[in-house]
>>> print(open('target28.tsv').read())   # TSV, C-alpha atoms
chain	number	residue	atom	x	y	z
A	1	MET	CA	-4.07	-1.90	-24.14
A	2	SER	CA	-4.02	1.65	-22.80
A	3	GLN	CA	-1.01	2.52	-20.67
A	4	GLY	CA	-3.10	4.93	-18.61
A	5	ILE	CA	-3.15	8.69	-18.13
A	6	ALA	CA	0.24	10.29	-18.81
A	7	ILE	CA	2.15	12.10	-16.06
A	8	THR	CA	4.27	14.81	-17.66
A	9	GLY	CA	5.38	16.96	-14.72
A	10	MET	CA	5.75	16.91	-10.95
A	11	GLY	CA	6.64	19.35	-8.21
A	12	ILE	CA	7.11	19.01	-4.48
A	13	ILE	CA	8.17	20.84	-1.32
A	14	SER	CA	8.50	18.94	1.95
A	15	ALA	CA	10.53	18.68	5.11
A	16	ILE	CA	13.30	16.88	3.19
A	17	GLY	CA	13.57	19.22	0.22
A	18	ASN	CA	12.27	22.27	-1.61
A	19	ASN	CA	11.95	20.56	-5.01
A	20	VAL	CA	11.95	17.14	-6.67
A	21	ALA	CA	15.74	16.84	-6.87
A	22	GLU	CA	16.28	17.70	-3.20
A	23	ASN	CA	13.59	15.23	-2.13
A	24	TYR	CA	15.17	12.43	-4.16
A	25	ASN	CA	18.63	13.10	-2.75
A	26	ALA	CA	17.23	13.01	0.78
A	27	LEU	CA	15.42	9.73	0.10
A	28	ILE	CA	18.47	7.90	-1.23
A	29	ASN	CA	20.72	9.30	1.50
A	30	GLU	CA	18.15	8.46	4.21
A	31	ASN	CA	17.99	12.04	5.48
A	32	LYS	CA	14.98	12.52	7.74
A	33	GLY	CA	13.19	15.86	7.97
A	34	ILE	CA	11.79	15.25	11.44
A	35	SER	CA	12.64	17.61	14.31
A	36	ARG	CA	11.17	19.53	17.24
A	37	ILE	CA	8.70	22.30	16.40
A	38	SER	CA	10.41	25.61	15.62
A	39	LYS	CA	7.93	27.72	13.63
A	40	ILE	CA	4.78	27.52	15.78
A	41	ASP	CA	4.44	28.75	19.35
A	42	THR	CA	2.59	25.84	20.92
A	43	ILE	CA	2.59	24.32	24.39
A	44	HIS	CA	3.32	20.98	22.71
A	45	LYS	CA	6.56	22.07	21.04
A	46	ASN	CA	8.71	20.00	23.39
A	47	ASP	CA	6.31	17.05	23.47
A	48	ILE	CA	6.22	15.98	19.84
A	49	MET	CA	8.31	15.86	16.67
A	50	VAL	CA	7.17	17.12	13.26
A	51	GLY	CA	8.27	17.53	9.66
A	52	GLU	CA	8.64	21.29	9.07
A	53	ILE	CA	9.63	22.99	5.83
A	54	ALA	CA	12.66	25.23	6.21
A	55	TYR	CA	11.27	28.24	4.33
A	56	THR	CA	9.54	30.98	6.31
A	57	ASN	CA	6.37	32.57	4.95
A	58	GLN	CA	8.38	35.66	4.02
A	59	GLU	CA	10.81	33.55	1.99
A	60	LEU	CA	7.92	31.78	0.23
A	61	GLU	CA	6.34	35.16	-0.47
A	62	SER	CA	9.58	36.28	-2.08
A	63	LEU	CA	9.84	33.10	-4.16
A	64	LEU	CA	6.39	33.81	-5.59
A	65	ASN	CA	7.10	37.54	-6.09
A	66	LEU	CA	4.04	38.48	-4.06
A	67	PRO	CA	3.40	41.96	-2.63
A	68	PRO	CA	3.64	42.27	1.18
A	69	ASP	CA	-0.08	43.00	1.50
A	70	ASN	CA	-1.12	39.55	0.17
A	71	ASN	CA	-3.47	37.35	2.21
A	72	TYR	CA	-1.92	33.97	1.40
A	73	SER	CA	-2.01	31.22	4.00
A	74	ARG	CA	1.05	28.98	4.33
A	75	THR	CA	-1.00	26.24	2.65
A	76	ALA	CA	-1.41	28.50	-0.40
A	77	PHE	CA	2.29	29.46	-0.40
A	78	LEU	CA	3.44	25.84	-0.35
A	79	GLY	CA	0.87	24.72	-2.90
A	80	ALA	CA	1.77	27.47	-5.36
A	81	VAL	CA	5.51	26.68	-5.15
A	82	ALA	CA	5.00	22.96	-5.79
A	83	ALA	CA	2.35	23.40	-8.50
A	84	LYS	CA	4.51	25.90	-10.41
A	85	GLU	CA	7.43	23.47	-10.34
A	86	ALA	CA	5.16	20.74	-11.75
A	87	VAL	CA	3.91	22.95	-14.59
A	88	THR	CA	7.45	24.09	-15.43
A	89	HIS	CA	8.67	20.49	-15.33
A	90	ALA	CA	5.90	19.56	-17.79
A	91	GLY	CA	7.23	22.18	-20.22
A	92	ILE	CA	3.96	24.09	-20.30
A	93	THR	CA	4.40	27.63	-21.56
A	94	ASP	CA	0.76	28.36	-22.42
A	95	ILE	CA	-1.61	26.99	-19.79
A	96	THR	CA	-4.61	28.04	-21.88
A	97	ALA	CA	-3.61	26.12	-25.01
A	98	TYR	CA	-5.66	23.12	-23.87
A	99	LYS	CA	-8.59	22.57	-21.51
A	100	THR	CA	-6.65	22.57	-18.24
A	101	GLY	CA	-8.06	22.08	-14.76
A	102	LEU	CA	-6.76	22.16	-11.19
A	103	ILE	CA	-7.80	19.75	-8.46
A	104	SER	CA	-6.13	20.62	-5.18
A	105	ALA	CA	-6.51	18.87	-1.83
A	106	THR	CA	-6.21	20.31	1.67
A	107	SER	CA	-7.32	19.64	5.22
A	108	VAL	CA	-5.89	22.65	7.03
A	109	GLY	CA	-6.73	25.32	4.44
A	110	GLY	CA	-6.10	28.78	5.85
A	111	MET	CA	-6.39	27.77	9.50
A	112	ASP	CA	-2.81	28.86	10.23
A	113	MET	CA	-3.67	32.53	9.65
A	114	THR	CA	-7.10	32.25	11.27
A	115	GLU	CA	-5.64	31.02	14.54
A	116	LYS	CA	-2.73	33.47	14.37
A	117	TYR	CA	-4.94	36.55	14.10
A	118	TYR	CA	-8.14	35.26	15.69
A	119	TYR	CA	-8.10	37.71	18.59
A	120	GLN	CA	-7.08	40.66	16.42
A	121	TYR	CA	-9.74	40.49	13.71
A	122	PHE	CA	-12.14	42.91	15.39
A	123	GLU	CA	-9.43	45.33	16.48
A	124	ASP	CA	-6.97	45.40	13.58
A	125	LYS	CA	-8.55	45.90	10.16
A	126	SER	CA	-5.26	45.07	8.41
A	127	LYS	CA	-5.62	41.47	9.59
A	128	GLN	CA	-9.20	41.03	8.39
A	129	LYS	CA	-7.94	40.19	4.91
A	130	TYR	CA	-7.00	36.73	6.19
A	131	ILE	CA	-10.63	35.86	6.93
A	132	ALA	CA	-11.19	35.42	3.19
A	133	GLY	CA	-8.32	32.96	3.09
A	134	HIS	CA	-9.72	30.64	5.76
A	135	ASN	CA	-11.82	28.33	3.60
A	136	ALA	CA	-10.23	25.30	1.98
A	137	GLY	CA	-11.02	26.49	-1.53
A	138	ASP	CA	-9.11	29.76	-1.16
A	139	SER	CA	-5.70	28.08	-1.44
A	140	THR	CA	-6.91	26.29	-4.57
A	141	GLN	CA	-8.03	29.58	-6.12
A	142	LYS	CA	-4.69	31.19	-5.35
A	143	ILE	CA	-2.77	28.28	-6.87
A	144	ALA	CA	-4.98	28.50	-9.97
A	145	GLN	CA	-4.21	32.22	-10.26
A	146	GLN	CA	-0.48	31.54	-9.98
A	147	LEU	CA	-0.76	29.00	-12.79
A	148	GLY	CA	-3.05	31.11	-14.94
A	149	ILE	CA	-5.96	28.64	-14.80
A	150	GLU	CA	-8.99	30.90	-14.72
A	151	GLU	CA	-11.59	29.63	-17.19
A	152	SER	CA	-11.66	25.90	-16.53
A	153	LEU	CA	-12.42	23.45	-13.74
A	154	VAL	CA	-10.90	24.51	-10.42
A	155	THR	CA	-12.01	22.48	-7.42
A	156	THR	CA	-10.95	21.35	-3.96
A	157	ILE	CA	-11.00	17.91	-2.34
A	158	SER	CA	-10.90	17.40	1.42
A	159	THR	CA	-11.15	13.75	2.44
A	160	ALA	CA	-8.50	13.86	5.17
A	161	CYS	CA	-5.50	11.60	4.52
A	162	SER	CA	-6.76	10.34	1.14
A	163	SER	CA	-7.41	13.83	-0.29
A	164	ALA	CA	-4.53	14.19	-2.77
A	165	ALA	CA	-4.88	10.59	-3.93
A	166	ASN	CA	-8.54	11.28	-4.63
A	167	ALA	CA	-7.48	14.43	-6.53
A	168	ILE	CA	-5.22	12.28	-8.73
A	169	MET	CA	-8.02	9.78	-9.26
A	170	LEU	CA	-10.56	12.46	-10.19
A	171	GLY	CA	-8.12	14.14	-12.56
A	172	ALA	CA	-7.40	10.86	-14.34
A	173	ARG	CA	-11.10	10.13	-14.69
A	174	LEU	CA	-11.84	13.59	-16.12
A	175	ILE	CA	-9.19	13.15	-18.80
A	176	LYS	CA	-10.35	9.61	-19.56
A	177	ALA	CA	-13.92	10.91	-19.93
A	178	GLY	CA	-12.76	13.63	-22.34
A	179	LYS	CA	-13.84	16.46	-20.04
A	180	LEU	CA	-10.34	17.97	-19.80
A	181	ASP	CA	-7.13	17.69	-21.80
A	182	ARG	CA	-4.84	18.07	-18.82
A	183	VAL	CA	-5.18	18.52	-15.07
A	184	VAL	CA	-2.83	19.69	-12.33
A	185	VAL	CA	-3.58	17.43	-9.36
A	186	GLY	CA	-2.19	17.22	-5.84
A	187	GLY	CA	-2.46	18.73	-2.40
A	188	SER	CA	-1.04	21.13	0.16
A	189	ASP	CA	-1.19	21.33	3.95
A	190	CYS	CA	0.76	23.47	6.38
A	191	MET	CA	1.40	23.02	10.07
A	192	SER	CA	-1.05	24.65	12.47
A	193	LYS	CA	-1.97	24.59	16.14
A	194	PHE	CA	-5.40	23.37	15.12
A	195	THR	CA	-3.94	20.24	13.55
A	196	ILE	CA	-1.47	19.65	16.36
A	197	ASN	CA	-4.15	19.99	19.03
A	198	GLY	CA	-6.58	17.80	17.12
A	199	PHE	CA	-4.16	14.91	16.70
A	200	LYS	CA	-2.91	15.39	20.25
A	201	THR	CA	-6.50	14.88	21.40
A	202	LEU	CA	-6.61	11.64	19.41
A	203	MET	CA	-3.47	10.60	21.34
A	204	ILE	CA	-1.66	9.39	18.21
A	205	LEU	CA	1.32	11.80	18.08
A	206	SER	CA	4.80	10.47	18.79
A	207	ASP	CA	7.36	12.23	20.99
A	208	THR	CA	10.15	10.70	18.93
A	209	TYR	CA	10.81	9.63	15.32
A	210	ASN	CA	7.87	7.72	13.89
A	211	THR	CA	8.43	4.01	13.26
A	212	PRO	CA	6.07	2.65	10.57
A	213	PHE	CA	5.06	-1.01	10.88
A	214	ASP	CA	7.16	-1.47	14.02
A	215	ASP	CA	5.59	-3.44	16.85
A	216	ASN	CA	6.57	-0.68	19.31
A	217	ARG	CA	5.28	2.21	17.18
A	218	LYS	CA	4.14	5.17	19.28
A	219	GLY	CA	2.29	7.31	16.73
A	220	LEU	CA	2.78	9.69	13.85
A	221	ASN	CA	4.82	12.82	13.26
A	222	LEU	CA	2.77	15.55	11.60
A	223	GLY	CA	4.35	17.06	8.51
A	224	GLU	CA	3.71	19.98	6.19
A	225	ALA	CA	4.17	19.66	2.45
A	226	ALA	CA	2.74	20.17	-1.02
A	227	ALA	CA	3.06	18.17	-4.21
A	228	TYR	CA	1.40	18.22	-7.64
A	229	LEU	CA	1.41	16.16	-10.83
A	230	VAL	CA	0.51	17.28	-14.33
A	231	LEU	CA	-1.74	14.71	-16.03
A	232	GLU	CA	-2.25	14.95	-19.79
A	233	SER	CA	-4.24	13.10	-22.42
A	234	ASP	CA	-2.65	10.94	-25.11
A	235	ALA	CA	-3.73	13.53	-27.67
A	236	VAL	CA	-1.82	16.34	-25.96
A	237	VAL	CA	1.25	14.17	-25.44
A	238	ALA	CA	1.25	13.22	-29.11
A	239	ALA	CA	0.58	16.75	-30.36
A	240	GLU	CA	3.36	18.23	-28.21
A	241	ASN	CA	5.71	15.25	-28.55
A	242	LYS	CA	6.07	15.39	-24.77
A	243	PRO	CA	8.27	13.23	-22.59
A	244	VAL	CA	6.29	11.12	-20.12
A	245	LEU	CA	7.35	10.37	-16.53
A	246	GLY	CA	4.89	7.53	-16.02
A	247	TYR	CA	1.19	6.73	-16.17
A	248	VAL	CA	-1.71	6.70	-13.73
A	249	LYS	CA	-2.77	3.18	-14.62
A	250	GLY	CA	-5.31	2.33	-11.91
A	251	TYR	CA	-7.17	3.84	-8.99
A	252	GLY	CA	-9.83	2.95	-6.47
A	253	ASN	CA	-11.36	4.39	-3.33
A	254	ALA	CA	-13.62	3.13	-0.57
A	255	ASN	CA	-14.65	4.05	2.95
A	256	ASP	CA	-14.68	1.57	5.81
A	257	ALA	CA	-17.84	3.17	7.26
A	258	TYR	CA	-16.43	1.82	10.52
A	259	HIS	CA	-15.50	4.70	12.84
A	260	GLN	CA	-15.03	8.47	12.67
A	261	THR	CA	-11.29	8.39	13.31
A	262	ALA	CA	-10.21	4.78	12.81
A	263	SER	CA	-10.03	2.18	10.07
A	264	SER	CA	-11.41	-1.30	10.62
A	265	GLU	CA	-8.84	-3.61	12.16
A	266	ASN	CA	-9.19	-5.95	9.18
A	267	GLY	CA	-8.66	-3.16	6.65
A	268	ASP	CA	-11.99	-3.57	4.85
A	269	GLY	CA	-11.92	-0.19	3.06
A	270	ALA	CA	-8.22	-0.45	2.26
A	271	THR	CA	-8.75	-3.90	0.77
A	272	ILE	CA	-11.56	-2.68	-1.48
A	273	ALA	CA	-9.53	0.38	-2.60
A	274	MET	CA	-6.53	-1.75	-3.60
A	275	GLU	CA	-8.71	-4.31	-5.36
A	276	LYS	CA	-10.50	-1.55	-7.30
A	277	ALA	CA	-7.17	-0.01	-8.33
A	278	LEU	CA	-5.97	-3.37	-9.64
A	279	GLU	CA	-9.25	-3.88	-11.49
A	280	VAL	CA	-9.09	-0.48	-13.21
A	281	ALA	CA	-5.46	-1.14	-14.17
A	282	ASN	CA	-6.44	-4.61	-15.44
A	283	PHE	CA	-3.66	-5.96	-13.24
A	284	LYS	CA	-3.31	-9.04	-11.11
A	285	PRO	CA	-1.76	-8.66	-7.63
A	286	GLU	CA	1.50	-10.15	-8.88
A	287	ASP	CA	1.84	-7.29	-11.39
A	288	ILE	CA	2.67	-4.84	-8.57
A	289	ASP	CA	6.41	-4.58	-7.92
A	290	TYR	CA	6.41	-2.23	-4.92
A	291	ILE	CA	3.88	-0.69	-2.54
A	292	ASN	CA	4.47	2.78	-1.14
A	293	ALA	CA	2.38	2.16	1.95
A	294	HIS	CA	0.35	4.72	3.88
A	295	GLY	CA	2.21	3.54	7.01
A	296	THR	CA	1.56	6.31	9.53
A	297	ALA	CA	3.15	4.47	12.50
A	298	THR	CA	-0.10	4.56	14.47
A	299	GLY	CA	-1.37	1.42	16.13
A	300	ASN	CA	-4.57	1.28	14.12
A	301	ASN	CA	-3.31	2.25	10.66
A	302	ASP	CA	-0.36	-0.09	10.38
A	303	LEU	CA	-2.35	-3.05	11.66
A	304	SER	CA	-5.27	-2.29	9.34
A	305	GLU	CA	-3.11	-1.66	6.26
A	306	GLY	CA	-0.88	-4.66	6.87
A	307	ARG	CA	-3.86	-6.98	7.11
A	308	ALA	CA	-5.37	-5.43	3.98
A	309	ILE	CA	-2.14	-5.95	2.03
A	310	ILE	CA	-2.14	-9.62	3.05
A	311	ARG	CA	-5.81	-9.96	2.01
A	312	VAL	CA	-5.06	-8.55	-1.44
A	313	PHE	CA	-1.61	-10.03	-2.14
A	314	GLY	CA	-1.62	-13.20	-0.04
A	315	ASP	CA	1.73	-14.96	0.29
A	316	LYS	CA	3.15	-13.03	-2.68
A	317	THR	CA	3.28	-9.61	-1.05
A	318	PRO	CA	5.63	-7.32	-2.97
A	319	GLU	CA	8.25	-5.22	-1.22
A	320	PHE	CA	6.61	-2.36	0.65
A	321	SER	CA	7.72	0.59	2.75
A	322	SER	CA	6.41	3.80	4.22
A	323	THR	CA	8.25	7.04	3.48
A	324	LYS	CA	6.52	8.94	6.31
A	325	ALA	CA	9.58	8.45	8.51
A	326	TYR	CA	11.23	10.98	6.17
A	327	THR	CA	8.51	13.63	5.90
A	328	GLY	CA	6.00	12.96	8.63
A	329	HIS	CA	2.33	12.50	7.82
A	330	THR	CA	1.50	15.35	5.48
A	331	LEU	CA	-2.28	14.84	5.75
A	332	ALA	CA	-4.14	15.98	2.62
A	333	ALA	CA	-0.88	16.27	0.68
A	334	ALA	CA	0.27	12.72	1.51
A	335	GLY	CA	-1.16	11.02	-1.59
A	336	ALA	CA	0.60	13.46	-3.90
A	337	ILE	CA	3.87	13.41	-1.95
A	338	GLU	CA	3.98	9.64	-2.19
A	339	ALA	CA	2.90	9.65	-5.85
A	340	VAL	CA	6.00	11.75	-6.59
A	341	TYR	CA	8.10	9.28	-4.59
A	342	SER	CA	6.51	6.38	-6.51
A	343	ILE	CA	7.46	8.00	-9.83
A	344	LEU	CA	11.01	8.53	-8.55
A	345	ALA	CA	11.13	4.86	-7.54
A	346	LEU	CA	10.09	3.84	-11.07
A	347	GLN	CA	12.52	6.26	-12.73
A	348	HIS	CA	15.51	5.03	-10.74
A	349	ASN	CA	14.42	1.40	-10.12
A	350	ILE	CA	14.83	1.94	-6.39
A	351	ILE	CA	12.76	0.94	-3.38
A	352	PHE	CA	13.07	3.46	-0.57
A	353	PRO	CA	13.70	2.10	2.94
A	354	ASN	CA	11.20	2.02	5.79
A	355	LEU	CA	13.32	3.96	8.29
A	356	ASN	CA	13.42	3.47	12.08
A	357	PHE	CA	12.05	-0.11	12.00
A	358	LYS	CA	13.37	-2.42	14.72
A	359	THR	CA	10.74	-4.91	15.87
A	360	GLN	CA	8.49	-7.16	13.79
A	361	MET	CA	4.74	-6.70	14.39
A	362	GLN	CA	3.20	-9.64	16.20
A	363	GLU	CA	-0.05	-9.72	14.23
A	364	PHE	CA	1.50	-10.78	10.89
A	365	SER	CA	4.80	-11.85	9.35
A	366	ILE	CA	5.21	-9.38	6.46
A	367	THR	CA	8.09	-6.94	6.99
A	368	PRO	CA	8.74	-3.64	5.20
A	369	GLU	CA	11.86	-3.09	3.11
A	370	LEU	CA	14.52	-1.84	5.52
A	371	ALA	CA	17.36	-0.80	3.23
A	372	LEU	CA	17.63	1.12	-0.03
A	373	LYS	CA	17.16	-1.55	-2.69
A	374	GLU	CA	17.75	-1.53	-6.42
A	375	LYS	CA	15.17	-3.54	-8.34
A	376	PRO	CA	13.65	-3.31	-11.84
A	377	LEU	CA	10.22	-1.73	-11.33
A	378	LYS	CA	7.33	-1.51	-13.77
A	379	SER	CA	4.47	-0.64	-11.44
A	380	VAL	CA	4.04	0.86	-7.99
A	381	MET	CA	0.92	0.95	-5.85
A	382	SER	CA	0.64	4.05	-3.67
A	383	ASN	CA	-1.74	3.87	-0.70
A	384	SER	CA	-3.47	6.74	1.12
A	385	PHE	CA	-5.70	5.43	3.88
A	386	GLY	CA	-7.44	7.06	6.81
A	387	PHE	CA	-10.60	8.19	8.49
A	388	GLY	CA	-11.53	10.28	5.45
A	389	GLY	CA	-11.65	7.18	3.28
A	390	ASN	CA	-9.11	5.04	1.48
A	391	CYS	CA	-7.59	5.54	-1.96
A	392	SER	CA	-5.03	3.49	-3.89
A	393	THR	CA	-3.38	4.39	-7.18
A	394	VAL	CA	-1.29	2.28	-9.52
A	395	ILE	CA	1.51	4.15	-11.27
A	396	PHE	CA	3.02	2.50	-14.33
A	397	SER	CA	6.52	3.04	-15.70
A	398	LYS	CA	6.94	4.86	-19.01
A	399	ASP	CA	9.52	2.21	-19.96
A	400	ALA	CA	7.32	-0.82	-19.26
>>> encode(input="target28.tsv", output="structure tokens")
Amino acid sequence: MSQGIAITGMGIISAIGNNVAENYNALINENKGISRISKIDTIHKNDIMVGEIAYTNQELESLLNLPPDNNYSRTAFLGAVAAKEAVTHAGITDITAYKTGLISATSVGGMDMTEKYYYQYFEDKSKQKYIAGHNAGDSTQKIAQQLGIEESLVTTISTACSSAANAIMLGARLIKAGKLDRVVVGGSDCMSKFTINGFKTLMILSDTYNTPFDDNRKGLNLGEAAAYLVLESDAVVAAENKPVLGYVKGYGNANDAYHQTASSENGDGATIAMEKALEVANFKPEDIDYINAHGTATGNNDLSEGRAIIRVFGDKTPEFSSTKAYTGHTLAAAGAIEAVYSILALQHNIIFPNLNFKTQMQEFSITPELALKEKPLKSVMSNSFGFGGNCSTVIFSKDA
């Protein structure tokens, strides 16, 4: 039986760390990256809390050795840093040695620069360079250039909160179909006024730390982040004698077709996505050892996802937790962020705690894992659900 599509590298930058090692240390030490807004001048900066990355754009520019006249958005900066870490981690020295693609997810794209210079575009020609960086695909192209991927598949996915999970799913399918030998998959989103104002309008932003699956949850904390995985075929792994971190074993996606900005209260789309992922993996529900839940701490999401988990797993629900209390909701990057955390959970046989939880939800009796827990893990389900659709992936341990 096939183990799945091999994961040979990963990279991440988030509010709790600038690389994989820093993120892991923050997770096991329960260090949250949530604070008041410091890098964006917004009227909401004292009203909400967010997960900001410490690096400034100038520091990211320096890390990437870019000239000062570049037109990178912060989304592109973050994505390039995380993707390069993933490729380095995978031990790739010649990106052109095999058919290699890039599938990158984003929601914000280059909106941060568009809104920053919007009123200057017609007056200051030096700022017009950022217009070209507005579209979602521009950050993907820049990441591809940084990696040296120029003559293969380079594409962008934007399905809101499920974007990076869908990127992982598409990458795995392309390798399985023999279209590519390896694919760099993931997502990147930066903080912007546009995003803040949009979610403020939806009235789902919290003025304090987010509390996933808590009965008194007040809403989400927006976060900025980027994360990427390197997926490779069995043939490449064998030819290069490469170490494997884990396997993308199963995947499934579905849309509730219920509401523009809400999931069905019964979690119809989430249920189908999880069931499809189990089917592709050839797993039964009891084969899942841990669920890294989407868990945004909004009224609708946690109710919908909790009910969906019960529909799929019944009275044998595995331990589950949301790690968004650490990073905030990183939008299009979320599926990749949490895929990295799922791999770390498998590597270290650890379930990360669902921080800030105090009160059991009234609608059901399942409770997230509240403390760091050591447990032998063979498989983790990672959920990315939202109004852009639902996607679940099953990640299998290399040691299983």
>>> atom_distance(input="target28.tsv", atom1="CA of Thr88 in chain A", atom2="CA of Asn57 in chain A")
22.1 Å
>>> residues_near_point(input="target28.tsv", point="(9.4, 24.6, 15.2)", cutoff="10 Å", atoms="only C-alpha atoms", output="PDB file with C-alpha atoms, in the frame of the given file")
ATOM      1  CA  SER A  35      12.640  17.610  14.310  1.00  0.00           C
ATOM      2  CA  ARG A  36      11.170  19.530  17.240  1.00  0.00           C
ATOM      3  CA  ILE A  37       8.700  22.300  16.400  1.00  0.00           C
ATOM      4  CA  SER A  38      10.410  25.610  15.620  1.00  0.00           C
ATOM      5  CA  LYS A  39       7.930  27.720  13.630  1.00  0.00           C
ATOM      6  CA  ILE A  40       4.780  27.520  15.780  1.00  0.00           C
ATOM      7  CA  ASP A  41       4.440  28.750  19.350  1.00  0.00           C
ATOM      8  CA  THR A  42       2.590  25.840  20.920  1.00  0.00           C
ATOM      9  CA  LYS A  45       6.560  22.070  21.040  1.00  0.00           C
ATOM     10  CA  ASN A  46       8.710  20.000  23.390  1.00  0.00           C
ATOM     11  CA  MET A  49       8.310  15.860  16.670  1.00  0.00           C
ATOM     12  CA  VAL A  50       7.170  17.120  13.260  1.00  0.00           C
ATOM     13  CA  GLY A  51       8.270  17.530   9.660  1.00  0.00           C
ATOM     14  CA  GLU A  52       8.640  21.290   9.070  1.00  0.00           C
ATOM     15  CA  ILE A  53       9.630  22.990   5.830  1.00  0.00           C
ATOM     16  CA  ALA A  54      12.660  25.230   6.210  1.00  0.00           C
ATOM     17  CA  MET A 191       1.400  23.020  10.070  1.00  0.00           C
TER      18      MET A 191
END
>>> closest_residue(input="target28.tsv", among="A:Asn253, A:Ser188, A:Thr393, A:Asn349", to="Pro376 in chain A", atoms="all atoms listed in the file")
A:Asn349
>>> residues_around(input="target28.tsv", residues="range 210-223 of chain A", least_positions_apart="5", cutoff="7 Å", atoms="all atoms listed in the file", output="list in words")
Met49, Val50, Gly51, Glu52, Met191, Ile204, Leu205, Gly295, Thr296, Ala297, Thr298, Gly299, Asp302, Ser322, Ala325, Thr327, Gly328, His329, Thr330, Leu355, Asn356, Phe357, Lys358, Thr359, Gln360, Met361 and Gln362 of chain A
>>> write_last_selection(input="target28.tsv", atoms="C-alpha atoms", output="PDB file, in the coordinates of the input")
ATOM      1  CA  MET A  49       8.310  15.860  16.670  1.00  0.00           C
ATOM      2  CA  VAL A  50       7.170  17.120  13.260  1.00  0.00           C
ATOM      3  CA  GLY A  51       8.270  17.530   9.660  1.00  0.00           C
ATOM      4  CA  GLU A  52       8.640  21.290   9.070  1.00  0.00           C
ATOM      5  CA  MET A 191       1.400  23.020  10.070  1.00  0.00           C
ATOM      6  CA  ILE A 204      -1.660   9.390  18.210  1.00  0.00           C
ATOM      7  CA  LEU A 205       1.320  11.800  18.080  1.00  0.00           C
ATOM      8  CA  GLY A 295       2.210   3.540   7.010  1.00  0.00           C
ATOM      9  CA  THR A 296       1.560   6.310   9.530  1.00  0.00           C
ATOM     10  CA  ALA A 297       3.150   4.470  12.500  1.00  0.00           C
ATOM     11  CA  THR A 298      -0.100   4.560  14.470  1.00  0.00           C
ATOM     12  CA  GLY A 299      -1.370   1.420  16.130  1.00  0.00           C
ATOM     13  CA  ASP A 302      -0.360  -0.090  10.380  1.00  0.00           C
ATOM     14  CA  SER A 322       6.410   3.800   4.220  1.00  0.00           C
ATOM     15  CA  ALA A 325       9.580   8.450   8.510  1.00  0.00           C
ATOM     16  CA  THR A 327       8.510  13.630   5.900  1.00  0.00           C
ATOM     17  CA  GLY A 328       6.000  12.960   8.630  1.00  0.00           C
ATOM     18  CA  HIS A 329       2.330  12.500   7.820  1.00  0.00           C
ATOM     19  CA  THR A 330       1.500  15.350   5.480  1.00  0.00           C
ATOM     20  CA  LEU A 355      13.320   3.960   8.290  1.00  0.00           C
ATOM     21  CA  ASN A 356      13.420   3.470  12.080  1.00  0.00           C
ATOM     22  CA  PHE A 357      12.050  -0.110  12.000  1.00  0.00           C
ATOM     23  CA  LYS A 358      13.370  -2.420  14.720  1.00  0.00           C
ATOM     24  CA  THR A 359      10.740  -4.910  15.870  1.00  0.00           C
ATOM     25  CA  GLN A 360       8.490  -7.160  13.790  1.00  0.00           C
ATOM     26  CA  MET A 361       4.740  -6.700  14.390  1.00  0.00           C
ATOM     27  CA  GLN A 362       3.200  -9.640  16.200  1.00  0.00           C
TER      28      GLN A 362
END
>>> closest_residue(input="target28.tsv", among="A:Ile343, A:Met381, A:Ile366, A:Ala132", to="Glu286 in chain A", atoms="all atoms listed in the file")
A:Met381
>>> build_atoms(input="target28.tsv", residues="range 367-373 of chain A", atoms="N, CA, C and O atoms", output="PDB file, keeping the file's coordinate frame")
ATOM      1  N   THR A 367       7.155  -7.939   6.468  1.00  0.00           N
ATOM      2  CA  THR A 367       8.090  -6.940   6.990  1.00  0.00           C
ATOM      3  C   THR A 367       8.410  -5.926   5.898  1.00  0.00           C
ATOM      4  O   THR A 367       8.671  -6.312   4.752  1.00  0.00           O
ATOM      5  N   PRO A 368       8.416  -4.641   6.222  1.00  0.00           N
ATOM      6  CA  PRO A 368       8.740  -3.640   5.200  1.00  0.00           C
ATOM      7  C   PRO A 368      10.201  -3.718   4.770  1.00  0.00           C
ATOM      8  O   PRO A 368      11.043  -4.282   5.486  1.00  0.00           O
ATOM      9  N   GLU A 369      10.480  -3.141   3.604  1.00  0.00           N
ATOM     10  CA  GLU A 369      11.860  -3.090   3.110  1.00  0.00           C
ATOM     11  C   GLU A 369      12.655  -2.141   4.002  1.00  0.00           C
ATOM     12  O   GLU A 369      12.267  -0.998   4.222  1.00  0.00           O
ATOM     13  N   LEU A 370      13.790  -2.596   4.506  1.00  0.00           N
ATOM     14  CA  LEU A 370      14.520  -1.840   5.520  1.00  0.00           C
ATOM     15  C   LEU A 370      15.758  -1.111   4.997  1.00  0.00           C
ATOM     16  O   LEU A 370      16.320  -0.274   5.689  1.00  0.00           O
ATOM     17  N   ALA A 371      16.178  -1.438   3.791  1.00  0.00           N
ATOM     18  CA  ALA A 371      17.360  -0.800   3.230  1.00  0.00           C
ATOM     19  C   ALA A 371      17.063  -0.350   1.800  1.00  0.00           C
ATOM     20  O   ALA A 371      16.198  -0.909   1.130  1.00  0.00           O
ATOM     21  N   LEU A 372      17.769   0.666   1.348  1.00  0.00           N
ATOM     22  CA  LEU A 372      17.630   1.120  -0.030  1.00  0.00           C
ATOM     23  C   LEU A 372      17.948  -0.055  -0.954  1.00  0.00           C
ATOM     24  O   LEU A 372      18.990  -0.700  -0.824  1.00  0.00           O
ATOM     25  N   LYS A 373      17.015  -0.345  -1.868  1.00  0.00           N
ATOM     26  CA  LYS A 373      17.160  -1.550  -2.690  1.00  0.00           C
ATOM     27  C   LYS A 373      16.971  -1.226  -4.160  1.00  0.00           C
ATOM     28  O   LYS A 373      16.002  -0.585  -4.546  1.00  0.00           O
TER      29      LYS A 373
END
